[in-house]
Every structure is written in structure tokens, then in C-alpha cells.
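Chemist: What follows is data28.tsv, TSV, C-alpha atoms.
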```tsv
chain	number	residue	atom	x	y	z
A	245	MET	CA	-50.78	9.48	88.75
A	246	ALA	CA	-47.83	11.63	87.60
A	247	TRP	CA	-44.42	10.99	88.99
A	248	ASN	CA	-44.11	14.50	90.45
A	249	GLU	CA	-47.54	14.58	92.10
A	250	PRO	CA	-48.00	13.94	95.77
A	251	GLY	CA	-47.94	10.28	96.45
A	252	GLY	CA	-46.03	9.42	93.28
A	253	ASP	CA	-42.82	8.38	95.13
A	254	ASN	CA	-40.92	11.19	93.34
A	255	LYS	CA	-39.57	8.82	90.60
A	256	ASP	CA	-38.86	10.21	87.09
A	257	PRO	CA	-39.63	7.90	84.15
A	258	TRP	CA	-36.13	8.32	82.53
A	259	SER	CA	-33.70	7.30	85.21
A	260	GLY	CA	-36.01	5.19	87.29
A	261	LYS	CA	-34.45	6.65	90.35
A	262	GLY	CA	-36.21	8.53	92.98
A	263	GLY	CA	-35.12	10.46	95.94
A	264	ASP	CA	-33.45	13.76	95.99
A	265	GLN	CA	-31.35	13.37	92.74
A	266	GLY	CA	-30.66	16.69	90.94
A	267	PRO	CA	-29.78	17.52	87.28
A	268	PRO	CA	-26.82	15.69	85.60
A	269	ASP	CA	-23.30	17.15	85.93
A	270	LEU	CA	-22.05	18.73	82.63
A	271	ASP	CA	-18.40	18.00	83.38
A	272	GLU	CA	-19.18	14.35	83.79
A	273	VAL	CA	-21.11	14.26	80.51
A	274	VAL	CA	-18.14	15.85	78.63
A	275	LYS	CA	-15.73	13.44	80.23
A	276	LYS	CA	-17.80	10.47	79.14
A	277	MET	CA	-17.94	11.76	75.56
A	278	GLN	CA	-14.13	12.17	75.52
A	279	GLU	CA	-13.69	8.65	76.77
A	280	LYS	CA	-15.93	7.33	74.02
A	281	LEU	CA	-13.99	9.28	71.35
A	282	GLY	CA	-10.71	8.06	72.79
A	283	GLY	CA	-11.95	4.53	72.54
A	284	LEU	CA	-12.81	5.04	68.88
A	285	PHE	CA	-9.28	6.31	68.05
A	286	GLY	CA	-7.44	3.73	70.19
A	287	GLY	CA	-6.72	5.90	73.26
A	288	GLY	CA	-6.85	4.73	76.86
A	289	SER	CA	-9.71	5.46	79.19
A	290	GLY	CA	-7.75	5.60	82.44
A	291	GLY	CA	-7.22	8.83	84.24
A	292	GLY	CA	-4.73	7.57	86.89
A	293	LYS	CA	-1.07	8.35	87.41
A	294	GLY	CA	1.81	7.16	85.35
A	295	ASP	CA	4.96	5.25	86.21
A	296	GLY	CA	6.39	8.17	88.07
A	297	GLY	CA	3.55	8.33	90.50
A	298	ASP	CA	5.82	9.70	93.17
A	299	SER	CA	6.41	12.92	91.25
A	300	GLY	CA	2.97	14.09	92.14
A	301	SER	CA	2.29	15.57	88.52
A	302	PRO	CA	-1.12	14.82	87.06
A	303	ALA	CA	-1.27	12.62	83.87
A	304	PRO	CA	-2.39	14.26	80.60
A	305	GLY	CA	-6.00	13.72	79.61
A	306	PRO	CA	-6.98	11.45	76.68
A	307	GLY	CA	-8.29	14.34	74.48
A	308	ALA	CA	-4.84	15.77	73.61
A	309	GLY	CA	-3.51	12.57	71.97
A	310	ASN	CA	-6.68	12.02	69.99
A	311	LEU	CA	-6.64	15.50	68.51
A	312	LYS	CA	-3.03	15.08	67.46
A	313	ARG	CA	-3.81	11.88	65.59
A	314	VAL	CA	-6.79	13.48	63.84
A	315	GLY	CA	-4.61	16.38	62.71
A	316	ILE	CA	-1.96	14.05	61.28
A	317	ILE	CA	-4.59	12.10	59.38
A	318	LEU	CA	-6.10	15.28	57.97
A	319	LEU	CA	-2.67	16.54	56.92
A	320	VAL	CA	-1.91	13.29	55.10
A	321	VAL	CA	-5.22	13.39	53.31
A	322	VAL	CA	-4.62	16.98	52.22
A	323	LEU	CA	-1.13	16.12	50.95
A	324	VAL	CA	-2.47	13.16	48.95
A	325	LEU	CA	-5.16	15.34	47.40
A	326	LEU	CA	-2.61	17.98	46.46
A	327	VAL	CA	-0.37	15.39	44.83
A	328	VAL	CA	-3.31	13.96	42.90
A	329	LYS	CA	-4.39	17.41	41.78
A	330	SER	CA	-0.87	18.28	40.64
A	331	PHE	CA	-1.02	15.97	37.59
A	332	TYR	CA	-3.55	15.89	34.79
A	333	THR	CA	-3.83	14.17	31.40
A	334	VAL	CA	-4.96	15.71	28.11
A	335	GLU	CA	-6.67	13.34	25.67
A	336	PRO	CA	-5.62	13.18	21.97
A	337	ALA	CA	-8.72	15.08	20.85
A	338	GLU	CA	-8.31	17.78	23.52
A	339	ARG	CA	-6.16	20.79	24.32
A	340	GLY	CA	-5.50	21.96	27.87
A	341	VAL	CA	-5.78	25.69	28.56
A	342	VAL	CA	-3.78	26.48	31.73
A	343	LEU	CA	-4.94	29.38	33.92
A	344	ARG	CA	-2.72	30.86	36.64
A	345	PHE	CA	-4.69	32.85	39.19
A	346	GLY	CA	-7.49	32.97	36.62
A	347	ALA	CA	-5.36	34.45	33.81
A	348	TYR	CA	-4.40	32.61	30.61
A	349	LYS	CA	-0.90	31.10	30.76
A	350	GLU	CA	-0.42	28.45	28.04
A	351	VAL	CA	-1.94	25.64	25.97
A	352	THR	CA	-0.81	22.07	26.62
A	353	GLN	CA	-0.81	19.30	24.07
A	354	PRO	CA	-2.12	15.73	24.57
A	355	GLY	CA	-0.32	13.77	27.29
A	356	PRO	CA	0.41	13.97	31.04
A	357	HIS	CA	1.27	17.37	32.52
A	358	PHE	CA	2.14	18.95	35.89
A	359	LEU	CA	-0.04	21.58	37.57
A	360	VAL	CA	0.75	23.80	40.56
A	361	PRO	CA	-2.02	23.09	43.06
A	362	LEU	CA	-4.20	25.93	44.31
A	363	ILE	CA	-2.46	28.30	41.87
A	364	ASP	CA	-3.02	26.86	38.38
A	365	ASP	CA	-6.17	25.53	36.85
A	366	VAL	CA	-6.75	23.77	33.52
A	367	VAL	CA	-9.71	23.82	31.14
A	368	LYS	CA	-9.86	20.98	28.61
A	369	VAL	CA	-11.30	21.81	25.20
A	370	ASN	CA	-12.22	19.21	22.54
A	371	VAL	CA	-10.78	20.48	19.25
A	372	ASP	CA	-11.83	17.50	17.09
A	373	GLN	CA	-15.55	17.55	17.78
A	374	ILE	CA	-17.58	18.69	14.76
A	375	SER	CA	-20.61	20.86	15.39
A	376	SER	CA	-23.16	21.78	12.75
A	377	PHE	CA	-26.25	23.91	12.28
A	378	ARG	CA	-28.74	24.58	9.50
A	379	HIS	CA	-29.48	27.97	8.00
A	380	LYS	CA	-32.53	28.68	5.85
A	381	ALA	CA	-33.72	32.03	4.53
A	382	GLN	CA	-35.13	33.85	1.52
A	383	MET	CA	-32.63	35.92	-0.42
A	384	LEU	CA	-32.82	38.57	-3.14
A	385	THR	CA	-30.60	37.86	-6.13
A	386	ARG	CA	-28.77	40.34	-8.33
A	387	ASP	CA	-31.45	40.14	-11.03
A	388	GLU	CA	-34.12	41.00	-8.43
A	389	ASN	CA	-35.54	37.53	-7.93
A	390	ILE	CA	-36.35	35.83	-4.63
A	391	VAL	CA	-34.93	32.40	-3.89
A	392	ASP	CA	-35.10	30.06	-0.89
A	393	VAL	CA	-31.62	29.02	0.25
A	394	GLU	CA	-30.91	26.21	2.73
A	395	LEU	CA	-27.46	25.10	3.82
A	396	THR	CA	-25.65	23.18	6.55
A	397	VAL	CA	-22.50	24.59	8.15
A	398	GLN	CA	-20.01	22.37	10.00
A	399	SER	CA	-17.27	23.76	12.24
A	400	LYS	CA	-14.79	22.85	14.96
A	401	ILE	CA	-12.57	24.66	17.44
A	402	GLN	CA	-9.35	25.91	15.90
A	403	ASP	CA	-7.89	28.12	18.65
A	404	ALA	CA	-8.84	27.11	22.21
A	405	PRO	CA	-7.77	30.38	24.00
A	406	ASP	CA	-9.67	32.55	21.51
A	407	TYR	CA	-12.69	30.26	21.79
A	408	LEU	CA	-12.70	30.59	25.61
A	409	PHE	CA	-11.71	34.21	26.19
A	410	GLN	CA	-11.98	36.38	23.06
A	411	ASP	CA	-15.63	35.86	22.11
A	412	GLN	CA	-18.48	35.59	24.57
A	413	SER	CA	-20.64	33.49	22.20
A	414	PRO	CA	-18.61	31.97	19.33
A	415	GLU	CA	-21.53	29.89	18.02
A	416	LYS	CA	-23.75	32.94	17.69
A	417	THR	CA	-20.94	34.82	15.97
A	418	LEU	CA	-20.61	31.97	13.48
A	419	ARG	CA	-24.34	31.98	12.75
A	420	ASP	CA	-24.36	35.73	12.17
A	421	ALA	CA	-21.25	35.53	9.98
A	422	THR	CA	-22.85	32.75	7.91
A	423	GLU	CA	-26.01	34.75	7.34
A	424	THR	CA	-23.96	37.78	6.29
A	425	ALA	CA	-21.89	35.70	3.88
A	426	VAL	CA	-24.98	34.05	2.38
A	427	ARG	CA	-26.73	37.35	1.75
A	428	GLU	CA	-23.62	38.87	0.21
A	429	THR	CA	-22.90	35.89	-2.05
A	430	VAL	CA	-26.49	35.34	-3.22
A	431	GLY	CA	-27.00	39.07	-3.70
A	432	LYS	CA	-24.12	39.14	-6.18
A	433	SER	CA	-25.34	36.14	-8.22
A	434	ASP	CA	-28.08	35.67	-10.81
A	435	LEU	CA	-31.00	33.33	-10.25
A	436	ASP	CA	-30.16	31.01	-13.16
A	437	PHE	CA	-26.62	30.61	-11.90
A	438	ILE	CA	-27.87	29.74	-8.39
A	439	LEU	CA	-30.45	27.23	-9.61
A	440	THR	CA	-28.17	25.40	-12.06
A	441	GLU	CA	-24.40	25.07	-12.01
A	442	GLY	CA	-23.48	27.67	-9.39
A	443	ARG	CA	-24.29	25.74	-6.23
A	444	GLY	CA	-20.75	24.46	-5.62
A	445	SER	CA	-19.02	27.78	-6.20
A	446	ILE	CA	-21.57	29.64	-4.08
A	447	ALA	CA	-21.00	27.22	-1.18
A	448	ASN	CA	-17.22	27.77	-1.43
A	449	ASP	CA	-17.67	31.56	-1.45
A	450	ILE	CA	-19.94	31.39	1.60
A	451	MET	CA	-17.41	29.28	3.53
A	452	ARG	CA	-14.55	31.63	2.63
A	453	ARG	CA	-16.40	34.81	3.61
A	454	ALA	CA	-17.77	33.34	6.84
A	455	GLN	CA	-14.26	32.22	7.84
A	456	GLN	CA	-12.90	35.72	7.21
A	457	LEU	CA	-15.57	37.24	9.45
A	458	ILE	CA	-15.08	34.89	12.40
A	459	ASN	CA	-11.30	35.32	12.11
A	460	ALA	CA	-11.79	39.07	12.44
A	461	TYR	CA	-13.77	38.49	15.64
A	462	ARG	CA	-11.20	35.92	16.91
A	463	SER	CA	-13.90	33.38	17.70
A	464	GLY	CA	-11.45	30.47	17.57
A	465	LEU	CA	-13.65	28.43	15.19
A	466	LEU	CA	-12.84	26.83	11.83
A	467	VAL	CA	-15.53	26.28	9.18
A	468	THR	CA	-14.85	22.80	7.81
A	469	SER	CA	-17.63	22.56	5.21
A	470	VAL	CA	-20.70	24.27	3.82
A	471	ASN	CA	-23.25	21.97	2.16
A	472	MET	CA	-25.80	23.89	0.15
A	473	GLN	CA	-29.09	22.28	-0.75
A	474	PRO	CA	-30.62	22.91	-4.21
A	475	ALA	CA	-32.07	26.41	-4.23
A	476	LYS	CA	-35.80	26.71	-4.72
A	477	PRO	CA	-37.99	29.56	-5.91
A	478	PRO	CA	-40.86	30.76	-3.71
A	479	GLU	CA	-44.00	28.66	-3.74
A	480	GLN	CA	-46.01	31.43	-5.42
A	481	VAL	CA	-43.91	31.27	-8.60
A	482	LYS	CA	-42.72	27.69	-8.41
A	483	GLU	CA	-44.74	26.52	-11.45
A	484	ALA	CA	-43.33	29.26	-13.66
A	485	PHE	CA	-39.81	28.43	-12.55
A	486	ASP	CA	-40.43	24.73	-13.22
A	487	ASP	CA	-41.55	25.55	-16.76
A	488	ALA	CA	-38.47	27.69	-17.30
A	489	ILE	CA	-36.19	24.95	-16.01
A	490	LYS	CA	-37.91	22.38	-18.23
A	491	ALA	CA	-37.48	24.63	-21.26
A	492	ARG	CA	-33.81	25.08	-20.39
A	493	GLU	CA	-33.37	21.33	-20.11
A	494	ASP	CA	-35.11	20.78	-23.47
A	495	LYS	CA	-32.80	23.35	-25.02
A	496	ALA	CA	-29.74	21.60	-23.63
A	497	ARG	CA	-31.06	18.22	-24.81
A	498	LEU	CA	-31.68	19.47	-28.36
A	499	GLU	CA	-28.26	21.10	-28.47
A	500	ASN	CA	-26.66	17.85	-27.39
A	501	GLN	CA	-28.58	15.92	-30.04
A	502	ALA	CA	-27.57	18.39	-32.74
A	503	GLU	CA	-23.97	18.24	-31.65
A	504	ALA	CA	-24.06	14.44	-31.67
A	505	TYR	CA	-25.56	14.45	-35.19
A	506	ALA	CA	-22.90	16.89	-36.36
A	507	ASN	CA	-20.19	14.73	-34.84
A	508	GLU	CA	-21.61	11.78	-36.74
A	509	VAL	CA	-22.18	13.42	-40.15
A	510	VAL	CA	-19.17	15.69	-40.43
A	511	PRO	CA	-16.54	12.92	-40.16
A	512	VAL	CA	-18.43	10.83	-42.73
A	513	ALA	CA	-18.57	13.79	-45.13
A	514	ARG	CA	-14.92	14.52	-44.57
A	515	GLY	CA	-14.10	10.88	-45.22
A	516	GLY	CA	-16.13	10.91	-48.46
A	517	ALA	CA	-14.43	14.10	-49.62
A	518	ALA	CA	-11.01	12.66	-48.82
A	519	ARG	CA	-11.88	9.46	-50.70
A	520	ARG	CA	-12.99	11.44	-53.76
A	521	VAL	CA	-9.80	13.46	-53.67
A	522	GLU	CA	-7.72	10.31	-53.46
A	523	ASP	CA	-9.70	8.73	-56.33
A	524	ALA	CA	-9.09	11.82	-58.45
A	525	LYS	CA	-5.40	11.70	-57.66
A	526	ALA	CA	-5.28	8.01	-58.54
A	527	TYR	CA	-7.10	8.66	-61.85
A	528	ARG	CA	-4.72	11.49	-62.63
A	529	ASP	CA	-1.70	9.30	-61.93
A	530	LYS	CA	-3.22	6.52	-64.03
A	531	VAL	CA	-3.88	8.78	-67.03
A	532	ILE	CA	-0.42	10.30	-66.79
A	533	ALA	CA	1.16	6.84	-66.58
A	534	GLU	CA	-0.84	5.59	-69.56
A	535	ALA	CA	0.07	8.66	-71.59
A	536	GLU	CA	3.70	8.28	-70.71
A	537	GLY	CA	3.51	4.58	-71.61
A	538	GLU	CA	1.91	5.35	-74.97
A	539	THR	CA	4.53	7.99	-75.62
A	540	SER	CA	7.34	5.63	-74.76
A	541	ARG	CA	5.88	2.93	-77.03
A	542	PHE	CA	5.40	5.35	-79.89
A	543	LEU	CA	8.96	6.60	-79.54
A	544	ALA	CA	10.23	3.03	-79.51
A	545	VAL	CA	8.24	2.23	-82.68
A	546	LEU	CA	9.48	5.43	-84.27
A	547	THR	CA	13.04	4.45	-83.59
A	548	GLU	CA	12.50	1.07	-85.19
A	549	TYR	CA	10.67	2.65	-88.11
A	550	GLU	CA	13.57	4.95	-88.79
A	551	LYS	CA	15.88	1.98	-88.87
A	552	ALA	CA	13.68	-0.22	-91.16
A	553	PRO	CA	10.62	1.57	-92.51
A	554	GLU	CA	9.25	-1.19	-94.72
A	555	VAL	CA	9.58	-3.96	-92.19
A	556	THR	CA	8.15	-1.84	-89.41
A	557	ARG	CA	5.23	-0.74	-91.59
A	558	GLN	CA	4.38	-4.32	-92.49
A	559	ARG	CA	4.67	-5.45	-88.89
A	560	LEU	CA	2.35	-2.71	-87.69
A	561	TYR	CA	-0.19	-3.64	-90.29
A	562	LEU	CA	-0.15	-7.29	-89.40
A	563	ASP	CA	-0.39	-6.59	-85.64
A	564	THR	CA	-3.34	-4.31	-86.19
A	565	ILE	CA	-5.20	-6.73	-88.42
A	566	GLU	CA	-4.56	-9.51	-85.91
A	567	TYR	CA	-5.83	-7.40	-83.08
A	568	VAL	CA	-8.98	-6.37	-84.94
A	569	LEU	CA	-9.85	-9.75	-86.33
A	570	SER	CA	-9.29	-11.50	-83.01
A	571	ARG	CA	-12.13	-9.47	-81.52
A	572	THR	CA	-14.81	-9.97	-84.18
A	573	GLY	CA	-16.81	-12.95	-85.40
A	574	LYS	CA	-17.44	-11.62	-88.91
A	575	VAL	CA	-14.91	-11.42	-91.75
A	576	ILE	CA	-15.57	-9.70	-95.07
A	577	MET	CA	-13.08	-10.40	-97.84
A	578	ASP	CA	-12.73	-8.29	-101.01
A	579	ALA	CA	-11.44	-10.45	-103.85
A	580	LYS	CA	-9.43	-8.68	-106.50
A	581	GLY	CA	-11.10	-8.37	-109.84
A	582	SER	CA	-14.52	-9.24	-108.48
A	583	ASN	CA	-17.46	-7.06	-107.55
A	584	SER	CA	-18.76	-9.46	-104.90
A	585	LEU	CA	-17.83	-9.54	-101.26
A	586	MET	CA	-17.25	-12.76	-99.38
A	587	TYR	CA	-18.78	-12.95	-95.89
A	588	LEU	CA	-17.40	-15.54	-93.55
A	589	PRO	CA	-19.51	-16.04	-90.38
A	590	LEU	CA	-16.67	-17.30	-88.24
A	591	ASP	CA	-18.77	-17.34	-85.08
A	592	LYS	CA	-21.33	-19.66	-86.70
A	593	LEU	CA	-18.62	-21.88	-88.04
A	594	MET	CA	-16.95	-22.09	-84.64
A	595	GLU	CA	-20.34	-22.81	-83.03
A	596	ARG	CA	-20.99	-25.67	-85.37
A	597	THR	CA	-17.51	-27.04	-84.91
A	598	SER	CA	-17.38	-26.94	-81.12
A	599	GLY	CA	-21.10	-27.22	-80.43
A	600	ALA	CA	-20.84	-24.34	-77.95
A	601	PRO	CA	-23.64	-21.76	-77.73
A	602	ALA	CA	-23.18	-18.67	-79.80
A	603	VAL	CA	-24.15	-16.31	-77.02
A	604	ARG	CA	-21.48	-15.77	-74.47
A	605	SER	CA	-22.28	-15.99	-70.83
A	606	GLN	CA	-22.47	-12.92	-68.69
A	607	GLU	CA	-19.26	-13.86	-66.94
A	608	THR	CA	-17.18	-14.14	-70.17
A	609	MET	CA	-18.61	-11.12	-71.98
A	610	PRO	CA	-16.47	-8.01	-71.68
A	611	SER	CA	-17.93	-4.95	-70.08
A	612	ARG	CA	-19.13	-1.96	-72.06
A	613	PRO	CA	-16.19	0.28	-71.05
A	614	GLN	CA	-13.81	-2.52	-72.05
A	615	LYS	CA	-15.56	-2.91	-75.42
A	616	ARG	CA	-15.41	0.81	-75.98
A	617	ALA	CA	-11.71	0.90	-75.10
A	618	ASP	CA	-11.02	-2.04	-77.40
A	619	ARG	CA	-12.88	-0.38	-80.28
A	620	GLU	CA	-11.03	2.88	-79.78
A	621	ARG	CA	-7.69	1.09	-79.58
A	622	GLY	CA	-8.53	-0.95	-82.69
A	623	SER	CA	-9.55	2.15	-84.62
A	624	ARG	CA	-6.34	3.88	-83.60
A	625	ASP	CA	-4.31	0.88	-84.72
A	626	VAL	CA	-6.16	0.75	-88.05
A	627	SER	CA	-5.63	4.42	-88.60
A	628	ARG	CA	-1.99	4.06	-87.73
A	629	SER	CA	-1.59	1.12	-90.04
A	630	ARG	CA	-3.28	3.02	-92.89
A	631	GLY	CA	-1.05	5.95	-92.33
A	632	VAL	CA	1.99	3.72	-92.36
A	633	ARG	CA	0.78	2.01	-95.56
A	634	GLN	CA	0.26	5.31	-97.28
```
Translate this structure into C-alpha cells?
Modeler:
Amino acid sequence: MAWNEPGGDNKDPWSGKGGDQGPPDLDEVVKKMQEKLGGLFGGGSGGGKGDGGDSGSPAPGPGAGNLKRVGIILLVVVLVLLVVKSFYTVEPAERGVVLRFGAYKEVTQPGPHFLVPLIDDVVKVNVDQISSFRHKAQMLTRDENIVDVELTVQSKIQDAPDYLFQDQSPEKTLRDATETAVRETVGKSDLDFILTEGRGSIANDIMRRAQQLINAYRSGLLVTSVNMQPAKPPEQVKEAFDDAIKAREDKARLENQAEAYANEVVPVARGGAARRVEDAKAYRDKVIAEAEGETSRFLAVLTEYEKAPEVTRQRLYLDTIEYVLSRTGKVIMDAKGSNSLMYLPLDKLMERTSGAPAVRSQETMPSRPQKRADRERGSRDVSRSRGVRQ
């Protein structure tokens, strides 16, 4: 049966006590809780009198001392936290933006710094981190052609206060500025220039114009590089553009081949012309020297002839006859008072005497120009000797 029914001995199941016990006293419950808290913080649990028991004043309760200790501990903890919060360190790749009551105050460089607690706040910004994005779009060129342009833009934070407070969305501003710069640059360029050698200069122009735009908006960003991929024509006309590019490459190849051939032939021709000119100069100098030599010899002979005409005449005759006869193998003698001519085959006689072949070898035979020169010189000597004899 239930504990509160008749005949249940009036015993509750919690305390196990029966009888006429009423509800618990609240003051006693609070006192017990204070004693337990005092025991946790090292306080005494007695509530008796002190040493001056005769004074009749009641002793202070244990709750006052415990609260005092808790307050001291909390104060120490707060002071330690304030001291810790008063110093901060900025990494080498960061810049610290100090805010005083929420307003911009200054920028701190890498290293340890002091901060006024509860008044100043610091926001650390990484200024060395590189961020990049890709931009791809179809553009209309100056010669009214459509081209697909794709590029990658890399940037970093240049001015931390401007990056935090001057522009609400610096990255979006950079994207919009890049698109504006691309359309302006491509719109002022021809398609051939974009597809061939103009990629580097176009990328530099895009970077310069985009930087000017974001500086005007004070976004605090710096464009470090713009890498432009090779431009492509639209897919609908790609085959025609490929044929045009191939024809342009063939043209350049043929021009290079022609230039290489010209560089090879022209120096050879110039060398041949220079050699001919030098040969002509050498021949001229040779002829002039020979003529001067002949003149000098003739003048020398003339001088001797004027001194002794008969002796000089006889000497010239003998020298000429010796020169002529030394170069022929046949001698014809005209005897005085006889109508017959005597023929002496000296070459045959010499062949029989020495047993050598009559025909000279190819190495010992004089050349045709030499023979001609010898004949002309011999004829001149004979003529000269005849003139002297006369």
C-alpha cells in the first residue's frame, strides 16, 4: 500500500522517517551549501565564537571570506588576460592594421608590438600571398573579327588599409578592371597581331590598364603578372584561320630560305668579282712592268749603240741568231756561190748520238703560250738584228 494511505505507518520513501516530520527548513539547506563551498575553498565550518568569547560579539560567517578569495582570483585572471592581450606579434609576411575604437590608426611592421587593451584592436593582413583567377571571353578586334581570349591574372595586397576599408570587394573590382582592360586592348588590336607576335605586348598592356583602374578605386591590390594563353578563333571559322596561319608560315619559311640563299650566293659573287678585279690589276701591273723593262733595256742598248755602233750591231745579231737557233731542231745553210741549200736535221743527229727519243715528253714540252711568246720574241730579235745590219 502507499505510504500515505491509512495503515501505511506514515513513512515517506525518501527519508525513511515517519512520524510527524514536516518540510525541510530552507535556512538549514542554505547553511549546508555554504559549508560545502567553504570546504572547497579552504574555509572553516565552525560557527562558534572566537578567542574573545567574552566580548559577546557573534563571529563572521564563512561566506564572506570565500567570496573575497573568489574576487581576488577573478581579478588576477583578468589582469593576466589584459597583459597577454596587450602584446601581439606580426609575422614577416603580414602587416598589422591597428584600430582604435574601431577607427583606423596605423600600420605596424613585422615584429612584436604593444596594444592598449579594450581600446585598440589589430587586424593582420598577409601581403605576400599570391592570389590568381582565370578570365576567358570572346572579344571583337579592331578589324571586326572575333577571337577567344584566355588569361590568368595574379595579384597580391599592396596597401592593407585600402584593402580593408576603401573597397568593399577588392577581388570583384580586380575582375571587372581586368575585363575592361582586356576589351579595350583587344579592341584596339588586329587579329593577326593578336594571333602571332602580339601576345606579350597585349598582356603587358592589360596589366598596366588593370592596375590603373584598381588604383583609381583604391582597392589596395597589386597586379603581379598577366599570363595570356594563345588566342584562338571561334570554332565556326577555325579551319579557315588554320589555313591562313599555315599560309603565313609557308610564306615566312620561303622568305627565310630565299634570304639564306641570297646570303650564300651574294658573298660568293662579290668574292669572284673582287678576285677578277685583283687579277686585272695584277695583269695591268705586270704589263706595265714588262713594258718599262723593255724600255729600259732598249734605252740601255741604244746608249751602247751610240758609243760603239759596229760592235753593238754585231753583238745583237749574234745574240739573236743564238736565241733563234737554240729553239729549233732544223738548220738551213745558204752557201755562197751555190744554188743549193744545205739542210741539217740537228734533232735527228742529236737523237742518234744520245739515243734519246725525238719526241719530248709532256712535262718537258713548253706550253703553247710560251711557244707563241718565244716565237714573237725571236721574230722581234730577228727584225731588230736585220734593222741593225741594214
Chemist: Counting all atoms listed in the file, which of A:Asn500, A:Gln353, A:Ser570, A:Thr396 gets nearest to Asn370 in chain A?
Modeler: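 The shortest atom-to-atom distance to Asn370 in chain A comes from A:Gln353.
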Chemist: With only C-alpha atoms as the atoms that count, which of A:Thr422, A:Pro361, A:Val341, A:Thr417 lies nearest to Pro405 in chain A?
Modeler: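 Counting only C-alpha atoms, the residue closest to Pro405 in chain A is A:Val341.
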Chemist: Identify which of the residues A:Ile390, A:Val467, A:Val430, A:Ile316 lies closest to Glu479 in chain A, counting all atoms listed in the file when measuring atom-to-atom distances.
Modeler: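 Using all atoms listed in the file, the shortest distance to Glu479 in chain A belongs to A:Ile390.
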Chemist: To one decimal place in Å, what is the distance between CA of Arg339 in chain A and CA of Arg378 in chain A?
Modeler: 27.3 Å
Chemist: How many Å lie between CA of Asp387 in chain A and CA of Leu435 in chain A, rounded to one decimal?
Modeler: 6.9 Å
Chemist: In Å, how far is it from CA of Pro477 in chain A to CA of Lys380 in chain A?
Modeler: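 Calculated distance between CA of Pro477 in chain A and CA of Lys380 in chain A is 13.0 Å.
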Chemist: With only C-alpha atoms counted, which protein, DNA or RNA residues have an atom no more than 12 Å from (-29.5, 31.1, -14.7) in the file frame? Please answer as a compact mmCIF listing (two decimals) with C-alpha atoms, keeping the file's coordinate frame.
Modeler:
```
# COMPACT_ATOMS: atom_id res chain seq x y z
CA THR A 385 -30.60 37.86 -6.13
CA ARG A 386 -28.77 40.34 -8.33
CA ASP A 387 -31.45 40.14 -11.03
CA ASN A 389 -35.54 37.53 -7.93
CA SER A 433 -25.34 36.14 -8.22
CA ASP A 434 -28.08 35.67 -10.81
CA LEU A 435 -31.00 33.33 -10.25
CA ASP A 436 -30.16 31.01 -13.16
CA PHE A 437 -26.62 30.61 -11.90
CA ILE A 438 -27.87 29.74 -8.39
CA LEU A 439 -30.45 27.23 -9.61
CA THR A 440 -28.17 25.40 -12.06
CA GLU A 441 -24.40 25.07 -12.01
CA GLY A 442 -23.48 27.67 -9.39
CA ARG A 443 -24.29 25.74 -6.23
CA ALA A 475 -32.07 26.41 -4.23
CA PHE A 485 -39.81 28.43 -12.55
CA ALA A 488 -38.47 27.69 -17.30
CA ILE A 489 -36.19 24.95 -16.01
CA ARG A 492 -33.81 25.08 -20.39
CA GLU A 493 -33.37 21.33 -20.11
```
Chemist: Which is closer to Phe542 in chain A than all the others in A:Leu560, A:Val371, A:Pro356, A:His379, using all atoms listed in the file?
Modeler: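 Answer, going by the shortest atom-to-atom distance: A:Leu560.
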